[in-house]
file data-v1.pdb (PDB, C-alpha atoms and all ligand atoms)
MODEL        1
ATOM      1  CA  MET A   2     107.286  99.597 133.007
ATOM      2  CA  LEU A   3     105.407  96.309 133.019
ATOM      3  CA  PHE A   4     103.187  95.153 135.852
ATOM      4  CA  ALA A   5     101.060  92.046 136.292
ATOM      5  CA  VAL A   6      97.933  92.899 138.243
ATOM      6  CA  HIS A   7      95.538  90.365 139.734
ATOM      7  CA  MET A   8      92.096  91.759 140.498
ATOM      8  CA  THR A   9      89.396  89.899 142.389
ATOM      9  CA  VAL A  10      85.937  91.441 142.273
ATOM     10  CA  ASN A  11      83.742  91.259 145.380
ATOM     11  CA  LEU A  12      80.476  92.972 144.530
ATOM     12  CA  PRO A  13      78.185  93.208 147.557
ATOM     13  CA  PRO A  14      75.228  90.830 147.040
ATOM     14  CA  ASP A  15      72.829  93.585 148.144
ATOM     15  CA  LEU A  16      74.164  96.157 145.654
ATOM     16  CA  ASP A  17      71.301  97.837 143.825
ATOM     17  CA  ALA A  18      70.823  96.268 140.355
ATOM     18  CA  GLU A  19      71.006  99.611 138.557
ATOM     19  CA  ALA A  20      74.172 100.667 140.417
ATOM     20  CA  ARG A  21      75.691  97.297 139.579
ATOM     21  CA  ALA A  22      74.869  97.608 135.870
ATOM     22  CA  THR A  23      76.123 101.207 135.713
ATOM     23  CA  THR A  24      79.391 100.331 137.459
ATOM     24  CA  LEU A  25      80.036  97.312 135.220
ATOM     25  CA  ALA A  26      79.372  99.365 132.080
ATOM     26  CA  ALA A  27      81.720 102.104 133.314
ATOM     27  CA  GLU A  28      84.383  99.495 134.114
ATOM     28  CA  LYS A  29      84.153  98.047 130.609
ATOM     29  CA  GLU A  30      84.413 101.469 128.969
ATOM     30  CA  TYR A  31      87.380 102.433 131.205
ATOM     31  CA  ALA A  32      89.209  99.152 130.512
ATOM     32  CA  GLN A  33      88.643  99.338 126.767
ATOM     33  CA  ARG A  34      89.836 102.951 126.618
ATOM     34  CA  LEU A  35      93.109 101.983 128.332
ATOM     35  CA  GLN A  36      93.504  98.964 126.035
ATOM     36  CA  HIS A  37      93.095 101.238 123.007
ATOM     37  CA  SER A  38      95.672 103.670 124.431
ATOM     38  CA  GLY A  39      98.144 100.797 124.896
ATOM     39  CA  GLU A  40      98.560 100.987 128.680
ATOM     40  CA  TRP A  41      96.385  97.912 129.411
ATOM     41  CA  LEU A  42      98.188  95.227 127.378
ATOM     42  CA  HIS A  43      96.390  92.050 128.482
ATOM     43  CA  LEU A  44      93.100  91.349 130.220
ATOM     44  CA  TRP A  45      92.420  87.700 130.968
ATOM     45  CA  ARG A  46      89.628  86.098 132.966
ATOM     46  CA  CYS A  47      90.970  83.761 135.666
ATOM     47  CA  ALA A  48      88.997  80.626 134.835
ATOM     48  CA  GLY A  49      86.283  79.835 137.326
ATOM     49  CA  GLN A  50      86.806  83.011 139.359
ATOM     50  CA  TYR A  51      85.340  86.507 139.328
ATOM     51  CA  ALA A  52      88.891  87.733 138.842
ATOM     52  CA  ASN A  53      91.224  88.814 136.097
ATOM     53  CA  LEU A  54      94.941  88.801 135.421
ATOM     54  CA  SER A  55      96.059  91.901 133.589
ATOM     55  CA  VAL A  56      99.341  93.265 132.271
ATOM     56  CA  PHE A  57      99.897  97.016 132.204
ATOM     57  CA  ASP A  58     102.625  98.937 130.383
ATOM     58  CA  VAL A  59     102.793 102.306 132.104
ATOM     59  CA  ALA A  60     105.299 105.120 132.573
ATOM     60  CA  ASP A  61     105.824 104.570 136.294
ATOM     61  CA  ASN A  62     104.343 103.366 139.592
ATOM     62  CA  ASP A  63     102.341 106.557 140.008
ATOM     63  CA  ARG A  64     100.584 106.063 136.671
ATOM     64  CA  LEU A  65      99.677 102.488 137.576
ATOM     65  CA  ASN A  66      98.370 103.681 140.922
ATOM     66  CA  GLU A  67      96.279 106.354 139.180
ATOM     67  CA  ILE A  68      94.804 103.779 136.780
ATOM     68  CA  LEU A  69      93.951 101.319 139.546
ATOM     69  CA  TRP A  70      92.364 103.935 141.807
ATOM     70  CA  GLY A  71      90.323 105.090 138.812
ATOM     71  CA  LEU A  72      88.749 101.688 138.187
ATOM     72  CA  PRO A  73      84.981 102.016 138.702
ATOM     73  CA  LEU A  74      85.114  98.630 140.469
ATOM     74  CA  PHE A  75      88.084  99.678 142.639
ATOM     75  CA  PRO A  76      86.014  99.900 145.862
ATOM     76  CA  TYR A  77      84.965  96.278 145.328
ATOM     77  CA  MET A  78      88.340  94.798 144.364
ATOM     78  CA  ASP A  79      91.218  93.031 146.018
ATOM     79  CA  ILE A  80      94.285  93.904 143.936
ATOM     80  CA  THR A  81      97.761  92.406 143.869
ATOM     81  CA  VAL A  82     100.508  94.104 141.846
ATOM     82  CA  THR A  83     103.660  92.335 140.638
ATOM     83  CA  PRO A  84     106.376  94.349 138.869
ATOM     84  CA  LEU A  85     107.771  92.417 135.894
ATOM     85  CA  SER A  86     111.312  92.186 134.591
ATOM     86  CA  GLN A  87     112.843  90.286 131.715
ATOM     87  CA  HIS A  88     113.188  86.496 132.092
ATOM     88  CA  PRO A  89     116.603  85.279 130.848
ATOM     89  CA  SER A  90     115.030  82.312 129.013
ATOM     90  CA  ALA A  91     112.261  84.273 127.331
ATOM     91  CA  LEU A  92     112.331  84.307 123.520
ATOM     92  CA  HIS A  93     110.422  87.600 123.263
TER      93      HIS A  93
HETATM   94  O1  LIG A 101      85.420  91.452 135.455
HETATM   95  C1  LIG A 101      86.530  91.806 135.909
HETATM   96  O2  LIG A 101      87.480  91.040 135.995
HETATM   97  C2  LIG A 101      86.736  93.246 136.299
HETATM   98  C3  LIG A 101      87.111  94.042 135.143
HETATM   99  C4  LIG A 101      88.266  94.689 134.917
HETATM  100  C5  LIG A 101      88.186  95.345 133.638
HETATM  101  C6  LIG A 101      86.845  94.985 133.216
HETATM  102  O3  LIG A 101      86.289  95.323 132.176
HETATM  103  O4  LIG A 101      86.239  94.194 134.125
ENDMDL
END

call {"tool": "encode", "arguments": {"input": "data-v1.pdb", "output": "structure tokens", "more": "lines below"}}
Ligand SMILES: O=C(O)CC1=CCC(=O)O1
result
Amino acid sequence: MLFAVHMTVNLPPDLDAEARATTLAAEKEYAQRLQHSGEWLHLWRCAGQYANLSVFDVADNDRLNEILWGLPLFPYMDITVTPLSQHPSALH
């Protein structure tokens, strides 16, 4: 099942520098592991925003929920999920 997920990151300005660095490193490792496994298909920066637009290919809603709750940045994110279906004019 394909989902488009928009994530906006709102790190607290007073977050300790070491906690910030640790969380960002953990987020990168988590995201790259899921890209290697094939569940995180696309990860794009939304230009000019501390936000990304991602596409996930997961077994079901519960798996997507598990992935999103597991994001190290989850406590600092606003997340919007859009289920995707085939567009009749799409070539691929
Ligand atoms: O920087 C972001 O958009 C948040 C994020 C998600 C995966 C990742 O590596 O960073």

call {"tool": "resolve_selection", "arguments": {"input": "data-v1.pdb", "expression": "the PyMOL selection byres (((not hetatm)) within 9 of (chain A and resi 101))", "output": "VMD selection string"}}
result
chain A and resid 7 to 10 25 to 33 44 to 47 50 to 55 72 to 74 78

call {"tool": "atom_distance", "arguments": {"input": "data-v1.pdb", "atom1": "atom CA of A:Leu69", "atom2": "atom CA of A:Phe57"}}
result
10.4 Å

call {"tool": "residues_around", "arguments": {"input": "data-v1.pdb", "residues": "A:Thr83", "least_positions_apart": "2", "cutoff": "7 Å", "atoms": "all atoms listed in the file", "output": "number ranges by chain"}}
result
A: 4-6, 81, 85

call {"tool": "closest_residue", "arguments": {"input": "data-v1.pdb", "among": "A:Asp15, A:His93, A:Ile68, A:Trp41", "to": "A:Val56", "atoms": "all atoms listed in the file"}}
result
A:Trp41

call {"tool": "closest_residue", "arguments": {"input": "data-v1.pdb", "among": "A:Gly39, A:Pro76, A:Gly71, A:Gly49", "to": "A:Pro13", "atoms": "all atoms listed in the file"}}
result
A:Pro76

call {"tool": "residues_around", "arguments": {"input": "data-v1.pdb", "residues": "A:Ser86", "least_positions_apart": "4", "cutoff": "12 Å", "atoms": "all atoms listed in the file", "output": "CSV table (one decimal) with C-alpha atoms, in the coordinates of the input"}}
result
chain,number,residue,atom,x,y,z
A,2,MET,CA,107.3,99.6,133.0
A,3,LEU,CA,105.4,96.3,133.0
A,4,PHE,CA,103.2,95.2,135.9
A,5,ALA,CA,101.1,92.0,136.3
A,58,ASP,CA,102.6,98.9,130.4
A,90,SER,CA,115.0,82.3,129.0
A,91,ALA,CA,112.3,84.3,127.3

call {"tool": "closest_residue", "arguments": {"input": "data-v1.pdb", "among": "A:Thr24, A:Pro14, A:Pro89, A:Asn62", "to": "A:Phe75", "atoms": "all atoms listed in the file"}}
result
A:Thr24

call {"tool": "atom_distance", "arguments": {"input": "data-v1.pdb", "atom1": "atom CA of A:Arg34", "atom2": "atom CA of A:Trp70"}}
result
15.4 Å

call {"tool": "atom_distance", "arguments": {"input": "data-v1.pdb", "atom1": "atom CA of A:Asp61", "atom2": "atom CA of A:His43"}}
result
17.5 Å

call {"tool": "axis_aligned_box", "arguments": {"input": "data-v1.pdb", "around": "stretch 9-18 of chain A", "padding_each_side": "8 Å", "output": "lines of an AutoDock Vina configuration file"}}
result
center_x = 80.1
center_y = 93.9
center_z = 144.2
size_x = 34.6
size_y = 23.9
size_z = 23.8
